[in-house]
file coords-v1.cif (mmCIF, C-alpha atoms)
data_protein
loop_
_atom_site.label_atom_id
_atom_site.label_comp_id
_atom_site.auth_asym_id
_atom_site.auth_seq_id
_atom_site.Cartn_x
_atom_site.Cartn_y
_atom_site.Cartn_z
CA LYS A 156 0.00 0.00 0.00
CA ALA A 157 2.82 2.41 0.85
CA PHE A 158 4.60 1.63 -2.41
CA PHE A 159 1.43 2.29 -4.39
CA GLN A 160 1.07 5.64 -2.62
CA LEU A 161 4.70 6.51 -3.39
CA VAL A 162 4.31 5.75 -7.07
CA GLN A 163 1.03 7.65 -7.36
CA GLU A 164 2.45 10.75 -5.67
CA PHE A 165 5.42 10.94 -8.03
CA LEU A 166 3.20 10.22 -11.02
CA HIS A 167 0.85 13.04 -9.99
CA ASN A 168 3.81 15.43 -9.64
CA GLY A 169 5.14 14.56 -13.08
CA GLU A 170 8.32 13.07 -11.61
CA LEU A 171 7.77 9.45 -12.58
CA LEU A 172 9.35 8.87 -15.99
CA ALA A 173 8.83 5.12 -16.29
CA TYR A 174 7.68 2.07 -14.33
CA HIS A 175 7.86 -1.68 -14.94
CA ASP A 176 7.23 -4.60 -12.62
CA ARG A 177 9.66 -7.54 -12.55
CA SER A 178 7.07 -10.32 -12.29
CA ASP A 179 7.57 -11.69 -15.81
CA GLY A 180 11.23 -12.54 -16.38
CA GLY A 181 12.69 -10.70 -13.43
CA LEU A 182 14.74 -7.52 -13.20
CA ALA A 183 16.83 -8.30 -16.29
CA VAL A 184 13.80 -8.56 -18.56
CA ALA A 185 12.07 -5.56 -16.97
CA LEU A 186 15.12 -3.34 -17.56
CA LEU A 187 15.61 -4.53 -21.13
CA GLU A 188 11.96 -4.03 -22.01
CA MET A 189 12.22 -0.47 -20.71
CA ALA A 190 15.29 0.09 -22.91
CA PHE A 191 13.49 -1.44 -25.91
CA ALA A 192 10.58 0.96 -25.45
CA GLY A 193 12.87 3.97 -25.02
CA HIS A 194 15.43 3.00 -27.71
CA CYS A 195 18.22 3.82 -25.28
CA GLY A 196 21.13 2.22 -23.47
CA LEU A 197 21.48 1.24 -19.81
CA ASN A 198 24.21 1.59 -17.20
CA ILE A 199 23.22 -0.74 -14.34
CA ASP A 200 25.04 -1.69 -11.11
CA LEU A 201 23.50 -4.35 -8.85
CA ALA A 202 25.82 -3.62 -5.91
CA GLU A 203 23.04 -2.19 -3.69
CA LEU A 204 20.78 -5.20 -4.20
CA PRO A 205 20.85 -8.00 -1.61
CA GLY A 206 21.74 -11.53 -2.67
CA ASP A 207 23.78 -12.88 -5.57
CA PRO A 208 23.57 -11.40 -9.11
CA LEU A 209 21.68 -14.38 -10.56
CA SER A 210 18.81 -14.10 -8.10
CA SER A 211 18.86 -10.29 -8.37
CA LEU A 212 18.45 -10.40 -12.15
CA PHE A 213 15.94 -13.23 -12.52
CA SER A 214 13.81 -13.31 -9.37
CA GLU A 215 10.14 -12.78 -10.21
CA GLU A 216 9.11 -11.88 -6.66
CA ALA A 217 7.06 -8.73 -6.15
CA GLY A 218 9.11 -5.69 -7.10
CA ALA A 219 9.39 -2.95 -9.67
CA VAL A 220 11.78 -0.58 -11.42
CA VAL A 221 10.90 3.11 -11.26
CA GLN A 222 12.69 5.85 -13.17
CA VAL A 223 12.76 9.43 -11.93
CA PRO A 224 14.79 12.50 -12.96
CA ARG A 225 18.14 12.80 -11.18
CA ALA A 226 16.89 15.97 -9.47
CA SER A 227 14.02 13.99 -7.91
CA LEU A 228 16.11 11.17 -6.46
CA ALA A 229 16.65 12.79 -3.04
CA ARG A 230 12.91 13.48 -2.73
CA LEU A 231 12.16 9.87 -3.68
CA ARG A 232 14.51 8.57 -0.99
CA ALA A 233 13.09 10.91 1.63
CA ARG A 234 9.47 10.09 0.85
CA ALA A 235 10.19 6.35 0.74
CA GLY A 236 11.69 6.69 4.23
CA GLU A 237 8.59 8.50 5.50
CA LEU A 238 6.44 5.67 4.19
CA GLY A 239 8.60 2.98 5.78
CA LEU A 240 10.14 1.84 2.51
CA ALA A 241 13.74 2.94 3.02
CA GLN A 242 15.07 -0.64 3.08
CA CYS A 243 13.14 -1.51 -0.10
CA LEU A 244 14.62 1.24 -2.29
CA CYS A 245 17.86 0.55 -4.17
CA VAL A 246 19.45 2.78 -6.80
CA ILE A 247 20.60 0.50 -9.63
CA GLY A 248 21.68 2.85 -12.42
CA GLU A 249 20.37 5.00 -15.22
CA ALA A 250 19.17 5.10 -18.79
CA VAL A 251 21.86 6.51 -21.09
CA ALA A 252 22.05 7.88 -24.60
CA GLY A 253 23.12 5.44 -27.28
CA GLN A 254 22.47 1.74 -27.60
CA VAL A 255 24.92 0.07 -25.19
CA VAL A 256 23.54 -2.03 -22.32
CA ASP A 257 26.03 -2.46 -19.46
CA ILE A 258 25.21 -4.45 -16.30
CA PHE A 259 27.73 -4.60 -13.42
CA ASP A 260 27.86 -6.07 -9.96
CA GLY A 261 30.29 -3.66 -8.35
CA GLU A 262 33.55 -4.07 -10.25
CA THR A 263 32.36 -7.21 -12.07
CA ARG A 264 30.97 -6.70 -15.54
CA LEU A 265 28.07 -9.12 -16.07
CA LEU A 266 26.87 -8.03 -19.50
CA THR A 267 27.78 -5.66 -22.30
CA ASP A 268 25.66 -5.79 -25.44
CA SER A 269 23.70 -3.60 -27.82
CA ARG A 270 20.05 -2.74 -27.31
CA GLN A 271 19.34 -3.62 -30.96
CA ARG A 272 20.80 -7.13 -30.78
CA LEU A 273 19.11 -7.91 -27.48
CA GLN A 274 15.77 -6.62 -28.76
CA GLN A 275 16.03 -8.74 -31.90
CA LEU A 276 16.69 -11.78 -29.71
CA TRP A 277 13.69 -10.84 -27.56
CA ALA A 278 11.46 -10.42 -30.65
CA ARG A 279 12.74 -13.37 -32.68
CA THR A 280 10.08 -15.89 -31.67
CA SER A 281 7.28 -13.39 -32.34
CA TYR A 282 8.82 -12.58 -35.71
CA GLU A 283 8.98 -16.24 -36.74
CA ILE A 284 5.34 -16.76 -35.79
CA GLN A 285 4.30 -13.54 -37.54
CA ALA A 286 6.15 -14.56 -40.72
CA LEU A 287 4.12 -17.79 -40.85
CA ARG A 288 0.80 -16.24 -39.88
CA ASP A 289 0.93 -12.90 -41.74
CA HIS A 290 2.59 -11.57 -44.87
CA PRO A 291 6.27 -12.62 -44.48
CA ASP A 292 7.63 -9.41 -46.01
CA CYS A 293 5.66 -7.28 -43.53
CA ALA A 294 6.98 -9.40 -40.66
CA ARG A 295 10.53 -8.96 -41.92
CA GLU A 296 10.14 -5.18 -42.37
CA GLU A 297 8.90 -4.78 -38.81
CA TYR A 298 11.69 -6.99 -37.44
CA GLU A 299 14.39 -5.08 -39.32
CA ARG A 300 13.13 -1.77 -37.93
CA ILE A 301 14.43 -2.82 -34.52
CA THR A 302 17.97 -1.93 -35.57
CA ALA A 303 17.01 1.30 -37.36
CA SER A 304 17.23 4.77 -35.89
CA ASP A 305 13.76 5.84 -34.75
CA PRO A 306 13.06 9.34 -33.41
CA GLY A 307 9.60 8.25 -32.21
CA LEU A 308 6.24 9.95 -32.60
CA SER A 309 6.08 13.71 -33.12
CA ALA A 310 3.60 16.40 -34.03
CA GLN A 311 3.87 19.73 -35.81
CA LEU A 312 0.71 21.66 -36.56
CA ALA A 313 0.01 24.49 -38.97
CA PHE A 314 -2.69 25.74 -36.59
CA ASP A 315 -3.45 26.14 -32.89
CA PRO A 316 -5.52 23.13 -31.76
CA SER A 317 -7.10 25.19 -28.97
CA ASP A 318 -8.41 27.81 -31.43
CA ASP A 319 -12.16 27.24 -31.57
CA ILE A 320 -12.82 28.68 -35.01
CA CYS A 321 -16.51 27.77 -34.87
CA ALA A 322 -17.23 29.42 -31.48
CA PRO A 323 -18.99 32.45 -33.09
CA TYR A 324 -21.37 30.11 -34.92
CA ILE A 325 -22.03 27.98 -31.85
CA ALA A 326 -22.82 31.19 -29.96
CA THR A 327 -25.77 31.83 -32.27
CA GLY A 328 -27.43 28.66 -31.02
CA ALA A 329 -27.77 27.25 -34.53
CA ARG A 330 -26.76 23.59 -34.77
CA PRO A 331 -26.75 22.22 -38.34
CA ALA A 332 -27.90 18.62 -38.65
CA VAL A 333 -25.33 15.96 -39.47
CA ALA A 334 -26.26 12.35 -40.19
CA ILE A 335 -23.99 9.88 -38.36
CA LEU A 336 -24.58 6.99 -40.74
CA ARG A 337 -24.08 3.39 -39.73
CA GLU A 338 -24.85 -0.13 -40.83
CA GLN A 339 -25.07 -3.45 -39.00
CA GLY A 340 -21.83 -3.95 -37.05
CA VAL A 341 -20.53 -0.36 -37.23
CA ASN A 342 -19.16 0.73 -33.84
CA GLY A 343 -17.54 4.15 -34.40
CA HIS A 344 -20.72 6.21 -34.41
CA VAL A 345 -20.71 7.35 -30.76
CA GLU A 346 -17.24 8.92 -30.88
CA MET A 347 -18.09 10.49 -34.25
CA ALA A 348 -21.28 12.01 -32.87
CA ALA A 349 -19.38 13.33 -29.84
CA ALA A 350 -16.79 15.06 -32.03
CA PHE A 351 -19.39 16.72 -34.27
CA HIS A 352 -21.50 17.71 -31.25
CA ARG A 353 -18.45 19.41 -29.71
CA ALA A 354 -17.96 21.28 -33.00
CA GLY A 355 -21.48 22.71 -32.88
CA PHE A 356 -23.59 20.21 -34.80
CA ALA A 357 -26.81 18.41 -33.99
CA ALA A 358 -25.75 14.81 -34.55
CA PHE A 359 -28.42 12.31 -35.59
CA ASP A 360 -27.97 8.56 -35.30
CA VAL A 361 -29.03 7.34 -38.75
CA HIS A 362 -29.04 3.61 -39.45
CA MET A 363 -29.34 2.43 -43.05
CA SER A 364 -32.71 0.93 -42.09
CA ASP A 365 -33.88 4.49 -41.28
CA LEU A 366 -33.17 5.50 -44.88
CA HIS A 367 -34.70 2.34 -46.33
CA THR A 368 -37.95 2.86 -44.40
CA GLY A 369 -38.07 6.63 -44.85
CA ARG A 370 -37.72 7.48 -41.13
CA HIS A 371 -34.91 9.83 -42.18
CA ASP A 372 -34.27 11.67 -45.43
CA LEU A 373 -30.83 12.97 -46.44
CA ALA A 374 -32.44 16.23 -47.56
CA GLN A 375 -32.73 17.25 -43.88
CA PHE A 376 -28.97 17.08 -43.29
CA LYS A 377 -26.02 19.35 -44.06
CA GLY A 378 -23.46 16.64 -43.38
CA LEU A 379 -23.25 12.91 -44.01
CA VAL A 380 -20.69 10.83 -42.13
CA ALA A 381 -20.18 7.13 -42.88
CA CYS A 382 -18.62 5.68 -39.72
CA GLY A 383 -16.04 2.98 -39.19
CA GLY A 384 -16.04 -0.35 -37.47
CA PHE A 385 -16.93 -3.72 -38.91
CA SER A 386 -20.04 -3.42 -41.04
CA TYR A 387 -21.13 -6.96 -41.90
CA GLY A 388 -18.34 -8.31 -39.69
CA ASP A 389 -15.71 -6.43 -41.73
CA VAL A 390 -15.15 -9.33 -44.14
CA LEU A 391 -14.96 -9.66 -47.91
CA GLY A 392 -15.17 -5.98 -48.81
CA ALA A 393 -17.85 -5.22 -46.24
CA GLY A 394 -17.80 -1.48 -46.97
CA GLU A 395 -18.45 -2.21 -50.63
CA GLY A 396 -21.38 -4.39 -49.63
CA TRP A 397 -22.70 -1.51 -47.54
CA ALA A 398 -22.46 0.81 -50.56
CA LYS A 399 -24.19 -1.66 -52.87
CA SER A 400 -27.16 -1.89 -50.54
CA LEU A 401 -28.01 1.61 -51.74
CA LEU A 402 -26.55 1.50 -55.26
CA PHE A 403 -28.99 -1.29 -56.09
CA ASN A 404 -31.92 0.61 -54.56
CA GLU A 405 -33.11 3.21 -57.04
CA ARG A 406 -34.76 5.48 -54.45
CA LEU A 407 -31.73 5.51 -52.14
CA ARG A 408 -29.33 5.92 -55.04
CA ASP A 409 -31.22 9.00 -56.18
CA SER A 410 -31.33 10.34 -52.62
CA PHE A 411 -27.54 10.02 -52.17
CA SER A 412 -26.89 11.47 -55.63
CA ALA A 413 -29.01 14.51 -54.81
CA PHE A 414 -27.19 14.98 -51.48
CA PHE A 415 -23.74 14.79 -53.07
CA ALA A 416 -24.79 17.26 -55.77
CA ARG A 417 -25.87 19.96 -53.32
CA ASP A 418 -23.33 22.75 -52.91
CA ASP A 419 -24.24 23.20 -49.21
CA SER A 420 -23.49 19.63 -48.14
CA PHE A 421 -20.34 17.81 -47.00
CA THR A 422 -19.44 14.13 -46.70
CA LEU A 423 -16.93 12.27 -44.56
CA GLY A 424 -16.12 8.56 -44.77
CA VAL A 425 -13.87 6.98 -42.14
CA CYS A 426 -12.40 3.46 -42.12
CA ASN A 427 -15.20 1.08 -43.08
CA GLY A 428 -17.10 4.21 -44.11
CA CYS A 429 -14.12 5.25 -46.26
CA GLN A 430 -14.37 1.97 -48.16
CA MET A 431 -18.12 2.47 -48.42
CA VAL A 432 -18.02 6.07 -49.69
CA SER A 433 -15.19 5.31 -52.14
CA THR A 434 -17.50 2.74 -53.76
CA LEU A 435 -20.00 5.56 -54.34
CA LYS A 436 -17.48 7.64 -56.29
CA ASP A 437 -19.57 7.55 -59.48
CA LEU A 438 -22.26 9.50 -57.60
CA ILE A 439 -19.85 12.06 -56.11
CA PRO A 440 -18.75 15.00 -58.31
CA GLY A 441 -14.96 15.12 -58.66
CA ALA A 442 -14.27 11.72 -57.09
CA GLY A 443 -13.51 9.78 -60.26
CA HIS A 444 -9.84 9.24 -59.42
CA TRP A 445 -10.47 7.64 -56.04
CA PRO A 446 -9.13 4.10 -55.52
CA ARG A 447 -10.83 1.07 -54.05
CA PHE A 448 -9.81 -0.08 -50.57
CA VAL A 449 -8.87 -3.74 -50.25
CA ARG A 450 -7.30 -6.18 -47.79
CA ASN A 451 -4.22 -4.96 -45.92
CA ARG A 452 -0.86 -6.08 -47.29
CA SER A 453 -0.11 -7.63 -43.89
CA GLU A 454 -3.21 -9.83 -44.32
CA GLN A 455 -4.23 -8.91 -40.78
CA PHE A 456 -6.38 -6.39 -38.95
CA GLU A 457 -4.15 -3.45 -37.98
CA SER A 458 -4.79 -1.40 -34.85
CA ARG A 459 -2.14 1.12 -33.80
CA LEU A 460 -1.26 4.80 -33.50
CA ALA A 461 0.24 5.89 -36.82
CA MET A 462 1.81 9.09 -38.10
CA ALA A 463 0.00 10.97 -40.87
CA ARG A 464 0.57 14.20 -42.81
CA VAL A 465 -2.15 16.44 -44.21
CA GLU A 466 -1.49 17.28 -47.85
CA PRO A 467 -2.35 20.58 -49.57
CA GLY A 468 -5.68 20.32 -51.33
CA PRO A 469 -9.28 21.49 -51.53
CA SER A 470 -10.80 19.43 -48.66
CA ILE A 471 -13.05 21.69 -46.61
CA LEU A 472 -12.58 19.40 -43.61
CA LEU A 473 -8.79 19.75 -43.71
CA ALA A 474 -8.69 23.50 -44.40
CA GLY A 475 -5.75 25.23 -42.73
CA MET A 476 -4.17 21.91 -41.78
CA ALA A 477 -1.89 21.33 -44.79
CA GLY A 478 1.66 20.43 -43.84
CA SER A 479 0.66 19.31 -40.35
CA HIS A 480 1.83 15.91 -39.18
CA LEU A 481 0.56 14.16 -36.07
CA PRO A 482 -0.40 10.73 -34.78
CA ILE A 483 -3.81 9.26 -35.57
CA ALA A 484 -5.59 6.02 -34.63
CA VAL A 485 -5.88 3.26 -37.23
CA ALA A 486 -8.03 0.14 -36.90
CA HIS A 487 -8.82 -1.65 -40.15
CA GLY A 488 -8.46 -4.90 -42.04
CA GLU A 489 -9.14 -3.57 -45.54
CA GLY A 490 -7.38 -0.21 -45.80
CA ARG A 491 -5.01 -0.62 -48.74
CA ALA A 492 -5.65 1.87 -51.55
CA TYR A 493 -5.86 -0.14 -54.77
CA PHE A 494 -5.51 1.39 -58.24
CA ALA A 495 -6.23 -0.50 -61.44
CA ASP A 496 -2.74 0.32 -62.74
CA ALA A 497 0.14 2.76 -62.40
CA ALA A 498 -1.55 5.23 -64.75
CA ALA A 499 -4.61 5.37 -62.49
CA GLN A 500 -2.44 6.14 -59.48
CA GLU A 501 -0.56 8.83 -61.39
CA ALA A 502 -3.85 10.40 -62.48
CA CYS A 503 -5.05 10.42 -58.89
CA GLU A 504 -1.85 12.09 -57.70
CA ALA A 505 -1.95 14.63 -60.52
CA SER A 506 -5.57 15.57 -59.79
CA GLY A 507 -4.62 16.90 -56.35
CA VAL A 508 -7.18 14.83 -54.45
CA VAL A 509 -4.72 12.97 -52.19
CA ALA A 510 -5.45 14.48 -48.79
CA MET A 511 -3.38 12.46 -46.29
CA ARG A 512 -0.35 10.14 -46.25
CA PHE A 513 1.19 7.85 -43.69
CA LEU A 514 4.65 8.92 -42.49
CA ASP A 515 7.62 7.15 -40.97
CA ASN A 516 8.79 8.65 -37.69
CA ASP A 517 11.60 10.40 -39.62
CA LEU A 518 8.79 12.23 -41.50
CA SER A 519 9.43 10.53 -44.86
CA VAL A 520 6.42 9.04 -46.66
CA ALA A 521 5.90 5.56 -45.23
CA GLY A 522 6.42 2.75 -47.70
CA THR A 523 7.07 -0.17 -45.39
CA TYR A 524 5.27 -1.91 -42.55
CA PRO A 525 4.23 -1.04 -39.87
CA ALA A 526 4.52 2.75 -40.41
CA ASN A 527 2.40 2.10 -43.50
CA PRO A 528 0.02 -0.36 -41.83
CA ASN A 529 -1.94 -1.39 -44.92
CA GLY A 530 0.55 -1.16 -47.79
CA SER A 531 -1.10 1.70 -49.70
CA PRO A 532 1.11 3.06 -52.49
CA GLY A 533 2.60 6.46 -51.75
CA GLY A 534 1.37 6.16 -48.17
CA ILE A 535 -2.08 7.30 -49.38
CA THR A 536 -4.62 7.16 -46.56
CA GLY A 537 -7.02 10.02 -47.28
CA LEU A 538 -8.58 11.60 -50.37
CA THR A 539 -10.96 14.39 -51.20
CA SER A 540 -13.20 15.34 -54.09
CA GLU A 541 -12.06 18.03 -56.49
CA ASP A 542 -14.37 20.61 -54.89
CA GLY A 543 -13.36 19.50 -51.39
CA ARG A 544 -16.86 18.72 -50.10
CA ALA A 545 -16.31 14.96 -49.83
CA THR A 546 -13.38 13.57 -47.84
CA ILE A 547 -12.53 9.95 -47.12
CA MET A 548 -9.80 8.57 -44.86
CA MET A 549 -8.85 5.21 -43.48
CA PRO A 550 -7.62 6.41 -40.01
CA HIS A 551 -9.98 7.49 -37.22
CA PRO A 552 -9.81 11.23 -36.34
CA GLU A 553 -12.87 10.83 -34.10
CA ARG A 554 -10.90 8.51 -31.81
CA VAL A 555 -8.27 11.17 -31.08
CA PHE A 556 -10.11 14.49 -31.06
CA ARG A 557 -9.31 14.86 -27.33
CA THR A 558 -5.72 14.89 -26.09
CA VAL A 559 -6.50 12.36 -23.34
CA GLN A 560 -7.33 9.80 -26.04
CA TYR A 561 -3.68 9.64 -27.11
CA SER A 562 -1.11 7.26 -25.64
CA TRP A 563 1.38 10.05 -26.46
CA ALA A 564 0.70 13.71 -27.24
CA PRO A 565 2.76 16.91 -27.09
CA PRO A 566 2.75 18.27 -23.53
CA GLN A 567 1.61 21.71 -24.69
CA TRP A 568 -1.70 20.43 -26.05
CA GLY A 569 -4.70 21.18 -23.87
CA GLU A 570 -8.12 19.54 -23.96
CA ASP A 571 -8.35 19.49 -27.76
CA GLY A 572 -6.23 17.13 -29.84
CA GLY A 573 -5.03 18.18 -33.28
CA TRP A 574 -7.78 16.31 -35.14
CA MET A 575 -10.51 18.35 -33.46
CA ARG A 576 -9.77 20.97 -36.12
CA LEU A 577 -11.29 18.68 -38.81
CA PHE A 578 -14.72 18.77 -37.13
CA ARG A 579 -14.52 22.49 -36.44
CA ASN A 580 -13.65 23.09 -40.08
CA ALA A 581 -16.96 21.51 -41.07
CA ARG A 582 -18.93 23.89 -38.84
CA HIS A 583 -16.86 26.89 -39.93
CA TRP A 584 -17.44 26.05 -43.60
CA LEU A 585 -21.22 26.01 -43.13
CA GLY A 586 -21.07 29.40 -41.36
#
call {"tool": "encode", "arguments": {"input": "coords-v1.cif", "output": "structure tokens"}}
result
Amino acid sequence: KAFFQLVQEFLHNGELLAYHDRSDGGLAVALLEMAFAGHCGLNIDLAELPGDPLSSLFSEEAGAVVQVPRASLARLRARAGELGLAQCLCVIGEAVAGQVVDIFDGETRLLTDSRQRLQQLWARTSYEIQALRDHPDCAREEYERITASDPGLSAQLAFDPSDDICAPYIATGARPAVAILREQGVNGHVEMAAAFHRAGFAAFDVHMSDLHTGRHDLAQFKGLVACGGFSYGDVLGAGEGWAKSLLFNERLRDSFSAFFARDDSFTLGVCNGCQMVSTLKDLIPGAGHWPRFVRNRSEQFESRLAMARVEPGPSILLAGMAGSHLPIAVAHGEGRAYFADAAAQEACEASGVVAMRFLDNDLSVAGTYPANPNGSPGGITGLTSEDGRATIMMPHPERVFRTVQYSWAPPQWGEDGGWMRLFRNARHWLG
């Protein structure tokens, strides 16, 4: 109980940099896993620990490694003493720049090795399984990244995420109606509705059955958002099946065509909804160069935080965001942009409708796995129509519109994450 209190106090004060228990593999594995996560070296001395080095390194009894700034060490010792933990606290070393892992027991050197080699040993079994289960080239690309230099996630915005550009419109009390469209199995509609509500919209839960039965009509909405998450179990081109349920219904086809043709409407398709809306490209003015979205190159569902860059272009939802790069959530099994041939891809690029690309952590366009989680050529993961009113993207901006939704975010961000700007742009555009 006292140890829990100690950890929570230093976490609350921002003085706890890292924590890892030793219950699975012992101290040696805990330390190495911390170095693997931080891509750094270690300088460790076991001299303060009781017992012999073997038991110190591999005992799985209750215990943990905590990392604090050097300036906080005296406070940690003092507070541990106040809580009756003085005999439990041992200083064992520090994380260091570079990739060298050194472990000593006083004057005796127990281990000197590189973080990269040790991490490849640690990951080897997983890699071999992944190469058999998934696409072997993707498995190899991810395994080889262990030895590569990786600066980690970053963010640079062309705008202030806390700038509520739609506040004047919200102040009027007017809330334009946006249809949060879903089909059987879709699960991203609640977050999407929350994001649009925060941006000043009246969000309506619209199931495809509501359109089939006439309970809702697209004419009543300013925005149409096809949400992500497993329509029809997310198998065999499920988003395309969703689209065909209306393409083969003359009344619904005409209704969607009329909505897309209006100059006061906007459309967003995300993930499964991206695949769905891309299949409707023949109904959407200026969307003729859009690709299909097919099974990931890895042959597996991909769920991770990826880096993406907003490209210059006409998208009204991405206005003022061009050049920005920041992390975004991805969760899809069929997200690979597929063009009929190289000429079709070149035509798409030349038309200026590519709106977003995946990036490696060094900010180059991602061509390999897992920075490019689905294998799309040119890192393409978002597109817009030529007039900018329709935007589709495979990642999920609605799952990271608040900073607290990130596993990592720049410390200067407040309540609003960078992707909140997309939803505010929609309200600002409507005026």
call {"tool": "resolve_selection", "arguments": {"input": "coords-v1.cif", "expression": "the PyMOL selection byres ((chain A and resi 584) around 12)", "output": "PyMOL selection string"}}
result
chain A and resi 320-321+324+331+354-355+377-378+418-421+470-475+543-544+576-583+585-586
call {"tool": "atom_distance", "arguments": {"input": "coords-v1.cif", "atom1": "atom CA of Gly169 of chain A", "atom2": "atom CA of Gly193 of chain A"}}
result
17.7 Å
call {"tool": "resolve_selection", "arguments": {"input": "coords-v1.cif", "expression": "the PyMOL selection byres ((chain A and resi 411) around 10)", "output": "JSON, numbers by chain"}}
result
{"A": [372, 373, 374, 379, 401, 402, 406, 407, 408, 409, 410, 412, 413, 414, 415, 416, 435, 438, 439]}
call {"tool": "atom_distance", "arguments": {"input": "coords-v1.cif", "atom1": "atom CA of His344 of chain A", "atom2": "atom CA of Phe356 of chain A"}}
result
14.3 Å
call {"tool": "resolve_selection", "arguments": {"input": "coords-v1.cif", "expression": "the PyMOL selection byres ((chain A and resi 495) around 12)", "output": "ChimeraX atom specification"}}
result
/A:444-449,492-494,496-503
call {"tool": "residues_near_point", "arguments": {"input": "coords-v1.cif", "point": "(-13.6, 5.9, -39.0)", "cutoff": "12 Å", "atoms": "all atoms listed in the file", "output": "number ranges by chain"}}
result
A: 335-337, 341-348, 350, 380-386, 394, 423-432, 483-487, 490, 536-537, 546-555
call {"tool": "residues_around", "arguments": {"input": "coords-v1.cif", "residues": "segment 268-283 of chain A", "least_positions_apart": "5", "cutoff": "7 Å", "atoms": "only C-alpha atoms", "output": "PyMOL selection string"}}
result
chain A and resi 191+196+254-257+294+298+301-302
call {"tool": "atom_distance", "arguments": {"input": "coords-v1.cif", "atom1": "atom CA of Leu238 of chain A", "atom2": "atom CA of Arg177 of chain A"}}
result
21.6 Å
call {"tool": "build_atoms", "arguments": {"input": "coords-v1.cif", "residues": "segment 433-445 of chain A", "atoms": "N, CA and C atoms", "output": "short mmCIF file (atom, residue, chain, number, x, y, z; two decimals), in the frame of the given file"}}
result
data_model
loop_
_atom_site.label_atom_id
_atom_site.label_comp_id
_atom_site.auth_asym_id
_atom_site.auth_seq_id
_atom_site.Cartn_x
_atom_site.Cartn_y
_atom_site.Cartn_z
N SER A 433 -16.00 5.41 -50.92
CA SER A 433 -15.19 5.31 -52.14
C SER A 433 -15.91 4.50 -53.21
N THR A 434 -16.74 3.55 -52.80
CA THR A 434 -17.50 2.74 -53.76
C THR A 434 -18.63 3.55 -54.41
N LEU A 435 -18.97 4.68 -53.79
CA LEU A 435 -20.00 5.56 -54.34
C LEU A 435 -19.42 6.66 -55.22
N LYS A 436 -18.15 6.53 -55.62
CA LYS A 436 -17.48 7.64 -56.29
C LYS A 436 -18.16 8.08 -57.58
N ASP A 437 -18.88 7.17 -58.25
CA ASP A 437 -19.57 7.55 -59.48
C ASP A 437 -20.72 8.51 -59.21
N LEU A 438 -21.17 8.58 -57.96
CA LEU A 438 -22.26 9.50 -57.60
C LEU A 438 -21.73 10.83 -57.08
N ILE A 439 -20.43 10.90 -56.78
CA ILE A 439 -19.85 12.06 -56.11
C ILE A 439 -19.08 12.90 -57.12
N PRO A 440 -19.47 14.14 -57.35
CA PRO A 440 -18.75 15.00 -58.31
C PRO A 440 -17.28 15.14 -57.92
N GLY A 441 -16.39 14.92 -58.88
CA GLY A 441 -14.96 15.12 -58.66
C GLY A 441 -14.27 14.02 -57.90
N ALA A 442 -14.88 12.83 -57.83
CA ALA A 442 -14.27 11.72 -57.09
C ALA A 442 -13.84 10.59 -58.03
N GLY A 443 -13.79 10.84 -59.29
CA GLY A 443 -13.51 9.78 -60.26
C GLY A 443 -12.16 9.12 -60.14
N HIS A 444 -11.20 9.80 -59.53
CA HIS A 444 -9.84 9.24 -59.42
C HIS A 444 -9.62 8.46 -58.13
N TRP A 445 -10.64 8.35 -57.29
CA TRP A 445 -10.47 7.64 -56.04
C TRP A 445 -10.18 6.15 -56.28
#
